[in-house]
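A.B. asks: File upload_12.tsv below, TSV, C-alpha atoms:
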chain	number	residue	atom	x	y	z
A	404	GLU	CA	-70.98	67.29	84.14
A	405	GLU	CA	-73.40	68.06	81.36
A	406	ILE	CA	-72.16	68.15	77.80
A	407	ALA	CA	-74.20	70.05	75.23
A	408	ILE	CA	-74.09	68.56	71.76
A	409	LEU	CA	-75.33	70.52	68.75
A	410	VAL	CA	-76.51	68.31	65.92
A	411	ARG	CA	-77.15	70.00	62.63
A	412	PHE	CA	-78.80	68.16	59.75
A	413	SER	CA	-77.81	70.02	56.61
A	414	HIS	CA	-79.61	67.57	54.30
A	415	PRO	CA	-82.96	65.80	54.27
A	416	ILE	CA	-83.40	62.65	56.32
A	417	GLU	CA	-85.01	59.78	54.43
A	418	VAL	CA	-87.80	57.90	56.16
A	419	LYS	CA	-90.29	55.36	54.79
A	420	GLY	CA	-88.87	55.10	51.30
A	421	THR	CA	-89.20	58.39	49.49
A	422	ALA	CA	-91.16	60.21	52.17
A	423	LEU	CA	-88.75	62.74	53.55
A	424	LEU	CA	-88.47	64.66	56.76
A	425	HIS	CA	-86.65	67.98	56.44
A	426	LEU	CA	-85.00	69.06	59.64
A	427	ASN	CA	-82.87	72.01	60.55
A	428	CYS	CA	-81.62	71.69	64.10
A	429	GLU	CA	-79.51	74.83	64.07
A	430	ALA	CA	-81.27	77.80	65.59
A	431	VAL	CA	-81.44	80.68	63.16
A	432	GLU	CA	-82.27	84.16	64.38
A	433	GLN	CA	-84.01	86.31	61.84
A	434	SER	CA	-85.62	89.60	62.73
A	435	THR	CA	-89.15	90.49	61.72
A	436	GLU	CA	-87.76	93.54	59.92
A	437	GLU	CA	-85.31	91.49	57.84
A	438	ASP	CA	-88.02	88.98	57.00
A	439	ALA	CA	-90.36	91.76	55.90
A	440	VAL	CA	-87.71	93.25	53.62
A	441	ASN	CA	-86.39	90.07	52.04
A	442	ARG	CA	-89.25	87.62	51.95
A	443	CYS	CA	-91.37	87.57	48.81
A	444	SER	CA	-94.99	88.54	49.31
A	445	VAL	CA	-97.15	85.41	49.50
A	446	ASP	CA	-99.73	86.83	47.07
A	447	GLY	CA	-97.37	87.07	44.08
A	448	SER	CA	-97.30	90.87	44.07
A	449	ASP	CA	-93.49	91.03	44.33
A	450	TYR	CA	-93.10	89.21	41.03
A	451	GLU	CA	-90.90	91.02	38.52
A	452	TYR	CA	-89.62	89.62	35.25
A	453	ALA	CA	-88.19	91.36	32.22
A	454	GLU	CA	-86.12	90.40	29.20
A	455	ASN	CA	-83.95	92.56	27.00
A	456	ILE	CA	-82.06	91.61	23.84
A	457	THR	CA	-78.77	93.40	23.19
A	458	GLY	CA	-76.83	91.94	20.31
A	459	THR	CA	-76.16	88.29	21.16
A	460	ILE	CA	-77.20	88.65	24.82
A	461	ARG	CA	-80.59	87.92	26.36
A	462	THR	CA	-80.69	89.69	29.72
A	463	ILE	CA	-83.27	88.30	32.12
A	464	THR	CA	-84.00	90.41	35.20
A	465	THR	CA	-86.11	88.89	37.95
A	466	SER	CA	-86.99	89.50	41.58
A	467	HIS	CA	-86.96	85.71	42.11
A	468	CYS	CA	-90.47	86.01	43.53
A	469	PRO	CA	-93.06	83.75	41.90
A	470	ASN	CA	-96.04	85.26	40.10
A	471	HIS	CA	-98.35	83.17	42.28
A	472	GLU	CA	-98.94	82.43	45.93
A	473	TYR	CA	-96.63	79.89	47.49
A	474	ALA	CA	-96.90	77.45	50.36
A	475	SER	CA	-94.84	77.83	53.51
A	476	GLY	CA	-94.23	75.28	56.23
A	477	LEU	CA	-93.12	72.49	53.90
A	478	ASN	CA	-89.52	73.19	54.86
A	479	PRO	CA	-87.85	75.98	56.87
A	480	ASN	CA	-87.09	78.14	53.81
A	481	PHE	CA	-88.96	80.71	51.74
A	482	PRO	CA	-88.63	82.76	48.53
A	483	VAL	CA	-86.25	85.70	48.95
A	484	ASN	CA	-86.88	88.94	47.06
A	485	GLU	CA	-83.65	90.04	45.39
A	486	GLU	CA	-83.37	91.47	41.89
A	487	THR	CA	-80.74	89.81	39.72
A	488	SER	CA	-79.93	89.97	36.02
A	489	TYR	CA	-78.76	86.94	34.07
A	490	ASN	CA	-77.08	87.13	30.67
A	491	TYR	CA	-77.90	84.14	28.48
A	492	PRO	CA	-77.01	83.61	24.81
A	493	ALA	CA	-79.75	85.04	22.61
A	494	TYR	CA	-78.32	83.05	19.69
A	495	PRO	CA	-77.23	79.76	21.28
A	496	ARG	CA	-74.69	77.38	19.79
A	497	TYR	CA	-75.09	73.60	19.85
A	498	ASP	CA	-72.13	71.24	20.10
A	499	ASP	CA	-72.78	67.51	20.44
A	500	SER	CA	-69.08	66.79	20.94
A	501	VAL	CA	-68.90	68.62	24.27
A	502	GLU	CA	-71.28	68.84	27.19
A	503	VAL	CA	-71.25	70.04	30.76
A	504	SER	CA	-72.69	67.75	33.42
A	505	HIS	CA	-74.91	68.95	36.26
A	506	SER	CA	-74.75	65.63	38.13
A	507	THR	CA	-72.53	67.19	40.81
A	508	ARG	CA	-73.35	70.85	40.19
A	509	GLY	CA	-76.23	72.27	42.17
A	510	GLY	CA	-78.12	75.51	41.96
A	511	GLY	CA	-79.74	77.43	39.16
A	512	ILE	CA	-79.35	76.33	35.55
A	513	GLY	CA	-82.21	78.36	34.14
A	514	VAL	CA	-85.06	80.78	34.79
A	515	LEU	CA	-88.80	80.26	34.31
A	516	PHE	CA	-91.20	82.95	33.13
A	517	SER	CA	-92.92	82.69	36.54
A	518	GLY	CA	-89.80	83.94	38.33
A	519	SER	CA	-88.80	80.52	39.64
A	520	LEU	CA	-85.32	79.20	39.01
A	521	VAL	CA	-84.66	75.83	37.39
A	522	PHE	CA	-82.31	73.75	39.53
A	523	SER	CA	-80.24	70.79	38.40
A	524	PRO	CA	-81.04	67.20	39.52
A	525	PHE	CA	-78.13	67.34	42.00
A	526	ALA	CA	-79.35	67.17	45.61
A	527	GLY	CA	-76.20	68.76	47.00
A	528	TYR	CA	-74.20	65.92	48.46
A	529	VAL	CA	-74.28	62.78	46.29
A	530	GLU	CA	-73.83	62.56	42.51
A	531	ALA	CA	-77.14	62.48	40.65
A	532	GLU	CA	-76.57	59.22	38.82
A	533	GLY	CA	-80.17	58.03	38.86
A	534	TRP	CA	-83.54	58.27	40.54
A	535	SER	CA	-82.41	57.22	44.02
A	536	THR	CA	-79.71	59.91	44.12
A	537	SER	CA	-81.76	62.71	42.57
A	538	ALA	CA	-83.01	65.91	44.18
A	539	VAL	CA	-86.59	64.86	43.46
A	540	TYR	CA	-86.14	61.60	45.37
A	541	TYR	CA	-84.63	63.34	48.37
A	542	GLU	CA	-86.60	66.59	48.39
A	543	GLY	CA	-89.94	65.91	46.69
A	544	ALA	CA	-91.92	65.86	49.93
A	545	SER	CA	-91.21	69.59	50.33
A	546	PHE	CA	-92.46	70.61	46.86
A	547	ASP	CA	-95.55	72.81	46.92
A	548	GLU	CA	-98.54	72.29	44.62
A	549	CYS	CA	-96.78	74.38	41.98
A	550	GLY	CA	-93.87	71.90	41.98
A	551	CYS	CA	-91.44	74.33	43.61
A	552	HIS	CA	-89.75	75.01	46.92
A	553	SER	CA	-87.01	77.17	48.45
A	554	SER	CA	-83.63	76.18	49.84
A	555	SER	CA	-82.57	79.36	51.66
A	556	THR	CA	-83.81	82.16	53.90
A	557	THR	CA	-81.08	84.60	52.87
A	558	GLU	CA	-80.56	84.12	49.13
A	559	PRO	CA	-82.92	83.80	46.15
A	560	SER	CA	-83.71	80.12	45.83
A	561	TYR	CA	-87.36	79.47	44.93
A	562	HIS	CA	-86.94	76.82	42.27
A	563	THR	CA	-88.24	73.71	40.58
A	564	HIS	CA	-86.86	70.24	39.97
A	565	VAL	CA	-90.10	68.97	38.36
A	566	PRO	CA	-92.75	70.26	35.93
A	567	PRO	CA	-94.10	73.52	37.42
A	568	SER	CA	-97.81	72.73	37.58
A	569	CYS	CA	-99.13	76.25	38.22
A	570	LEU	CA	-97.11	77.77	35.38
A	571	LEU	CA	-98.17	75.00	32.99
A	572	ALA	CA	-101.81	75.62	33.87
A	573	GLN	CA	-101.47	79.39	33.44
A	574	LEU	CA	-99.91	78.92	30.02
A	575	GLY	CA	-102.71	76.59	28.94
A	576	MET	CA	-100.99	73.24	28.61
A	577	GLU	CA	-103.32	70.56	27.25
A	578	GLU	CA	-103.00	66.79	27.18
A	579	GLY	CA	-102.22	65.57	23.68
A	580	SER	CA	-100.41	68.76	22.69
A	581	HIS	CA	-96.85	69.97	22.99
A	582	SER	CA	-96.11	71.73	26.26
A	583	PRO	CA	-95.75	75.50	26.18
A	584	MET	CA	-92.34	77.05	26.51
A	585	ILE	CA	-91.84	77.90	30.19
A	586	GLY	CA	-88.40	79.54	30.38
A	587	TRP	CA	-84.77	79.55	29.36
A	588	ALA	CA	-81.77	77.37	30.14
A	589	ALA	CA	-78.51	79.15	30.93
A	590	ASP	CA	-76.95	78.00	27.65
A	591	GLY	CA	-79.64	79.92	25.76
A	592	PHE	CA	-81.94	77.10	24.68
A	593	PRO	CA	-85.67	77.09	25.47
A	594	VAL	CA	-87.19	75.00	28.25
A	595	TYR	CA	-90.56	73.28	27.85
A	596	GLY	CA	-92.90	71.36	30.12
A	597	PRO	CA	-93.18	67.57	30.15
A	598	LEU	CA	-95.04	66.97	26.88
A	599	GLY	CA	-93.13	66.86	23.60
A	600	PRO	CA	-94.11	66.38	19.95
A	601	ASN	CA	-97.57	64.85	19.53
A	602	GLY	CA	-98.18	65.35	23.23
A	603	THR	CA	-95.74	62.59	24.16
A	604	ALA	CA	-94.75	62.45	27.83
A	605	MET	CA	-91.04	62.98	27.38
A	606	GLN	CA	-88.50	60.54	28.79
A	607	THR	CA	-84.88	59.94	28.01
A	608	CYS	CA	-84.38	57.35	25.29
A	609	SER	CA	-82.31	55.42	27.85
A	610	VAL	CA	-85.45	54.97	29.94
A	611	SER	CA	-88.05	54.60	27.18
A	612	GLY	CA	-85.91	52.26	25.09
A	613	GLY	CA	-86.42	54.47	22.06
A	614	ALA	CA	-83.86	55.36	19.42
A	615	TYR	CA	-82.61	58.92	19.78
A	616	GLY	CA	-83.17	60.86	16.58
A	617	THR	CA	-85.89	58.48	15.43
A	618	ASP	CA	-88.32	58.09	18.32
A	619	VAL	CA	-89.81	60.88	20.41
A	620	CYS	CA	-87.50	60.80	23.42
A	621	THR	CA	-84.68	62.94	24.75
A	622	ASP	CA	-80.96	62.46	25.05
A	623	ASP	CA	-79.54	61.81	28.52
A	624	CYS	CA	-79.35	65.57	29.15
A	625	GLY	CA	-83.11	65.87	28.78
A	626	GLY	CA	-82.89	67.65	25.43
A	627	LEU	CA	-84.26	67.01	21.95
A	628	TYR	CA	-82.31	67.82	18.79
A	629	GLY	CA	-83.93	68.58	15.46
A	630	GLU	CA	-86.07	71.12	13.67
A	631	TYR	CA	-89.68	71.16	14.82
A	632	PRO	CA	-91.23	74.18	13.08
A	633	ASP	CA	-94.56	73.69	14.84
A	634	VAL	CA	-92.76	74.02	18.17
A	635	ASP	CA	-90.03	76.66	17.78
A	636	LYS	CA	-87.21	77.95	15.60
A	637	PHE	CA	-84.42	76.26	17.52
A	638	VAL	CA	-82.60	73.03	16.71
A	639	TYR	CA	-82.40	71.95	20.35
A	640	ARG	CA	-84.59	72.38	23.41
A	641	TYR	CA	-84.90	70.98	26.94
A	642	TYR	CA	-87.87	69.43	28.72
A	643	ILE	CA	-88.70	69.37	32.41
A	644	MET	CA	-90.00	65.83	32.55
A	645	GLY	CA	-92.26	63.99	34.93
A	646	GLN	CA	-95.65	63.95	36.57
A	647	TYR	CA	-97.47	67.16	37.44
A	648	GLN	CA	-100.67	68.29	39.13
A	649	THR	CA	-103.42	68.54	36.51
A	650	SER	CA	-105.47	71.72	36.59
A	651	GLY	CA	-109.01	71.04	37.77
A	652	SER	CA	-108.24	67.53	38.99
A	653	ALA	CA	-108.64	66.10	42.48
A	654	ASP	CA	-104.88	66.32	43.05
A	655	GLN	CA	-104.50	69.92	41.88
A	656	CYS	CA	-104.00	71.28	45.39
A	657	GLN	CA	-101.77	68.53	46.75
A	658	THR	CA	-98.19	69.13	47.77
A	659	GLY	CA	-95.37	66.62	47.57
A	660	ALA	CA	-95.99	65.79	51.21
A	661	ASP	CA	-99.63	64.97	50.43
A	662	ASN	CA	-99.01	63.03	47.24
A	663	PHE	CA	-95.50	62.05	46.15
A	664	ILE	CA	-96.27	61.56	42.44
A	665	TRP	CA	-92.78	61.41	40.88
A	666	SER	CA	-90.98	58.26	39.81
A	667	ALA	CA	-87.81	56.88	38.26
A	668	ASP	CA	-89.45	56.85	34.82
A	669	TYR	CA	-88.70	60.54	34.36
A	670	PHE	CA	-85.20	60.96	35.74
A	671	PRO	CA	-83.40	63.38	35.44
A	672	PHE	CA	-86.53	65.63	35.41
A	673	THR	CA	-84.52	68.85	34.85
A	674	PRO	CA	-81.50	68.95	32.50
A	675	LEU	CA	-78.69	66.67	33.66
A	676	CYS	CA	-76.26	68.29	31.24
A	677	PHE	CA	-76.02	71.06	28.65
A	678	LYS	CA	-75.21	70.76	24.96
A	679	GLY	CA	-74.83	74.50	24.49
A	680	CYS	CA	-71.41	76.08	24.12
A	681	ILE	CA	-69.85	79.53	23.97
A	682	ALA	CA	-67.65	80.84	21.17
A	683	ALA	CA	-64.08	81.49	22.30
A	684	ASN	CA	-64.41	85.25	21.83
A	685	ASP	CA	-67.68	85.42	23.83
A	686	THR	CA	-66.62	83.74	27.07
A	687	SER	CA	-66.90	86.94	29.12
A	688	LEU	CA	-70.43	87.81	28.02
A	689	TYR	CA	-72.63	85.24	29.71
A	690	SER	CA	-73.60	84.33	33.25
A	691	ALA	CA	-72.83	80.65	32.73
A	692	ALA	CA	-69.46	81.26	31.08
A	693	SER	CA	-67.62	79.77	34.06
A	694	TYR	CA	-68.95	76.30	33.32
A	695	LEU	CA	-70.18	76.26	29.71
A	696	PRO	CA	-67.64	74.70	27.33
A	697	THR	CA	-65.95	76.55	24.52
A	698	CYS	CA	-67.38	75.63	21.14
A	699	THR	CA	-65.34	73.27	19.00
A	700	SER	CA	-65.21	73.06	15.22
A	701	ASN	CA	-68.22	70.72	15.45
A	702	ALA	CA	-70.48	73.46	16.84
A	703	GLU	CA	-73.46	74.69	14.85
A	704	ASN	CA	-76.04	77.40	15.23
A	705	GLY	CA	-78.67	76.32	17.73
A	706	TYR	CA	-81.44	77.98	15.75
A	707	THR	CA	-82.90	77.95	12.24
A	708	THR	CA	-82.55	80.61	9.58
A	709	ALA	CA	-86.08	81.79	10.42
A	710	TYR	CA	-85.14	82.69	13.98
A	711	THR	CA	-84.75	86.21	15.33
A	712	ALA	CA	-84.22	86.69	19.05
A	713	ALA	CA	-87.13	88.40	20.81
A	714	ALA	CA	-87.79	89.25	24.44
A	715	ALA	CA	-90.47	87.22	26.19
A	716	PRO	CA	-92.99	89.30	28.16
A	717	ALA	CA	-93.68	89.13	31.88
A	718	LEU	CA	-96.71	87.14	32.99
A	719	GLU	CA	-99.80	88.31	34.82
A	720	ILE	CA	-100.01	87.48	38.51
A	721	ASP	CA	-101.78	84.12	38.80
A	722	ASP	CA	-104.28	83.65	41.62
A	723	SER	CA	-106.10	80.68	40.12
A	724	TYR	CA	-104.93	77.87	42.38
A	725	CYS	CA	-104.94	76.56	45.92
A	726	THR	CA	-102.39	78.03	48.31
A	727	LYS	CA	-103.93	80.68	50.53
A	728	ASN	CA	-102.28	83.04	53.01
A	729	GLY	CA	-98.87	81.49	52.58
A	730	THR	CA	-99.69	78.15	54.19
A	731	ALA	CA	-99.70	74.72	52.64
A	732	GLY	CA	-103.22	74.29	51.39
Using the file provided, produce a representation of the structure as structure tokens.
C.D. replies:
Amino acid sequence: EEIAILVRFSHPIEVKGTALLHLNCEAVEQSTEEDAVNRCSVDGSDYEYAENITGTIRTITTSHCPNHEYASGLNPNFPVNEETSYNYPAYPRYDDSVEVSHSTRGGGIGVLFSGSLVFSPFAGYVEAEGWSTSAVYYEGASFDECGCHSSSTTEPSYHTHVPPSCLLAQLGMEEGSHSPMIGWAADGFPVYGPLGPNGTAMQTCSVSGGAYGTDVCTDDCGGLYGEYPDVDKFVYRYYIMGQYQTSGSADQCQTGADNFIWSADYFPFTPLCFKGCIAANDTSLYSAASYLPTCTSNAENGYTTAYTAAAAPALEIDDSYCTKNGTAG
């Protein structure tokens, strides 16, 4: 008597250290028609991004399709075209006495100007306590040359866990200078690339050994507190930390499978926790209200007196890099 056994691997399988093999042994039927409707165009033409400020709310509407070509074949998933609006605080509040951890909370915690989501360091099944339990460690081999990948064929999921190389190049990031702003965190604070004040490659102070508030390093969330008028008009901001493909370099076109460049020095890469909070009377206004803490009496405005909320524009479609025809290049 024959016995059929179905084995389904719902998570990556680790082989040879940090080189990963992504398997999905469950057959999935998807019609050509459904794929044509839901899958983002590989040339970036389905990109949509818009912001609107209404009172204290920043509404971000995106198709979740990147503004650039993307590689397929690195895992079984692909970017799904589905318009969604997110309501983030336009005037964020900072509270150092409370924070929300993302170490066991997966999924989107922010949106980039390129249409990609920012995902937490949580890989989905083990607490992100350090490098060897992080999403980058487990999933980095499936990152495309833009530093992104997808985790679904039915829901919007194109996202990053590491510095988004293509977006950084499009926005003109230069060595020795502060990274450009690349998007928003769900608590309303800005998100930057990997370089901080004076062009410092940002790390947590816990890793660098620096003194938080004195040296140029982040708190354990991946954020930096203080007024930096040459950077922005906020008092707190997050960094997506770590290595990235340098525009014009020999490794510009390499995927995570070709060149696994990330290391423990930059954990948690994306924010491990949030320091933003929501005022008690505003808890129904924002998309992240279900997990952002209520502000305490220690909360302060997360912006300077010179700040006025403004909507960021959509980007141009970027065709200046390596992926062609939707295949890993």
A.B. asks: What are the closest atom pairs, with distances in Å to one decimal, for all residues of region 582-640 of chain A lying within 12 Å of region 572-575 of chain A? Consider all atoms listed in the file, order rows by chain and residue number, and present the result as JSON lines.
C.D. replies:
{"residue": "A:Ser582", "atom": "CA", "partner": "A:Gly575", "partner_atom": "CA", "distance": 8.6}
{"residue": "A:Pro583", "atom": "CA", "partner": "A:Leu574", "partner_atom": "CA", "distance": 6.6}
{"residue": "A:Met584", "atom": "CA", "partner": "A:Leu574", "partner_atom": "CA", "distance": 8.6}
{"residue": "A:Ile585", "atom": "CA", "partner": "A:Leu574", "partner_atom": "CA", "distance": 8.1}
{"residue": "A:Gly586", "atom": "CA", "partner": "A:Leu574", "partner_atom": "CA", "distance": 11.5}
{"residue": "A:Tyr595", "atom": "CA", "partner": "A:Leu574", "partner_atom": "CA", "distance": 11.1}
{"residue": "A:Gly596", "atom": "CA", "partner": "A:Leu574", "partner_atom": "CA", "distance": 10.3}
A.B. asks: Given the point (-98.2, 73.9, 41.6) in the file's coordinates, find the residues that have an atom at most 9 Å from it, counting only C-alpha atoms, and give them as a ChimeraX atom specification.
C.D. replies: /A:473,546-551,566-572,647-648,655-658,724-726
A.B. asks: CA of Asn704 (chain A) and CA of Ala682 (chain A) are how many Å apart?
C.D. replies: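 Computing the Euclidean distance for CA of Asn704 (chain A) and CA of Ala682 (chain A) yields 10.8 Å.
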A.B. asks: Applying 6 Å and only C-alpha atoms, which residues near region 706-722 of chain A remain after dropping the ones on its own chain fewer than 5 positions away? List them as a PyMOL selection string.
C.D. replies: chain A and resi 452-455+470-471+493+636-638
A.B. asks: Find the spatial neighbours of region 604-621 of chain A, counting all atoms listed in the file, within a cut-off of 8 Å - ignore same-chain residues fewer than 3 positions away - and output them as a list of chain:residue names.
C.D. replies: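 The residues satisfying every condition are A:Pro597, A:Leu598, A:Gly599, A:Pro600, A:Cys624, A:Gly625, A:Gly626, A:Leu627, A:Tyr628, A:Gly629, A:Tyr642, A:Met644, A:Gly645, A:Asp668, A:Tyr669, A:Phe670.
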A.B. asks: Would you output that residue set with C-alpha atoms, as an mmCIF file, keeping the file's coordinate frame?
C.D. replies:
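again_5.cif written:
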data_model
loop_
_atom_site.group_PDB
_atom_site.id
_atom_site.type_symbol
_atom_site.label_atom_id
_atom_site.label_comp_id
_atom_site.auth_asym_id
_atom_site.auth_seq_id
_atom_site.Cartn_x
_atom_site.Cartn_y
_atom_site.Cartn_z
ATOM 1 C CA PRO A 597 -93.180 67.570 30.150
ATOM 2 C CA LEU A 598 -95.040 66.970 26.880
ATOM 3 C CA GLY A 599 -93.130 66.860 23.600
ATOM 4 C CA PRO A 600 -94.110 66.380 19.950
ATOM 5 C CA CYS A 624 -79.350 65.570 29.150
ATOM 6 C CA GLY A 625 -83.110 65.870 28.780
ATOM 7 C CA GLY A 626 -82.890 67.650 25.430
ATOM 8 C CA LEU A 627 -84.260 67.010 21.950
ATOM 9 C CA TYR A 628 -82.310 67.820 18.790
ATOM 10 C CA GLY A 629 -83.930 68.580 15.460
ATOM 11 C CA TYR A 642 -87.870 69.430 28.720
ATOM 12 C CA MET A 644 -90.000 65.830 32.550
ATOM 13 C CA GLY A 645 -92.260 63.990 34.930
ATOM 14 C CA ASP A 668 -89.450 56.850 34.820
ATOM 15 C CA TYR A 669 -88.700 60.540 34.360
ATOM 16 C CA PHE A 670 -85.200 60.960 35.740
#
A.B. asks: Taking all atoms listed in the file into account, which of A:Asn490, A:Asn662, A:Asn441, A:Ser523 comes nearest Ser555 (chain A)?
C.D. replies: A:Asn441
A.B. asks: Point out the residue among A:Ser700, A:Asp498, A:Ser666, A:Thr464 with the least atom-to-atom distance to Tyr540 (chain A), counting all atoms listed in the file.
C.D. replies: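 Under the stated criterion, the closest residue is A:Ser666.
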A.B. asks: Could you jot down the CA of Thr487 (chain A) to CA of Pro524 (chain A) separation for me, Å, one decimal place?
C.D. replies: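 A separation of 22.6 Å between them.
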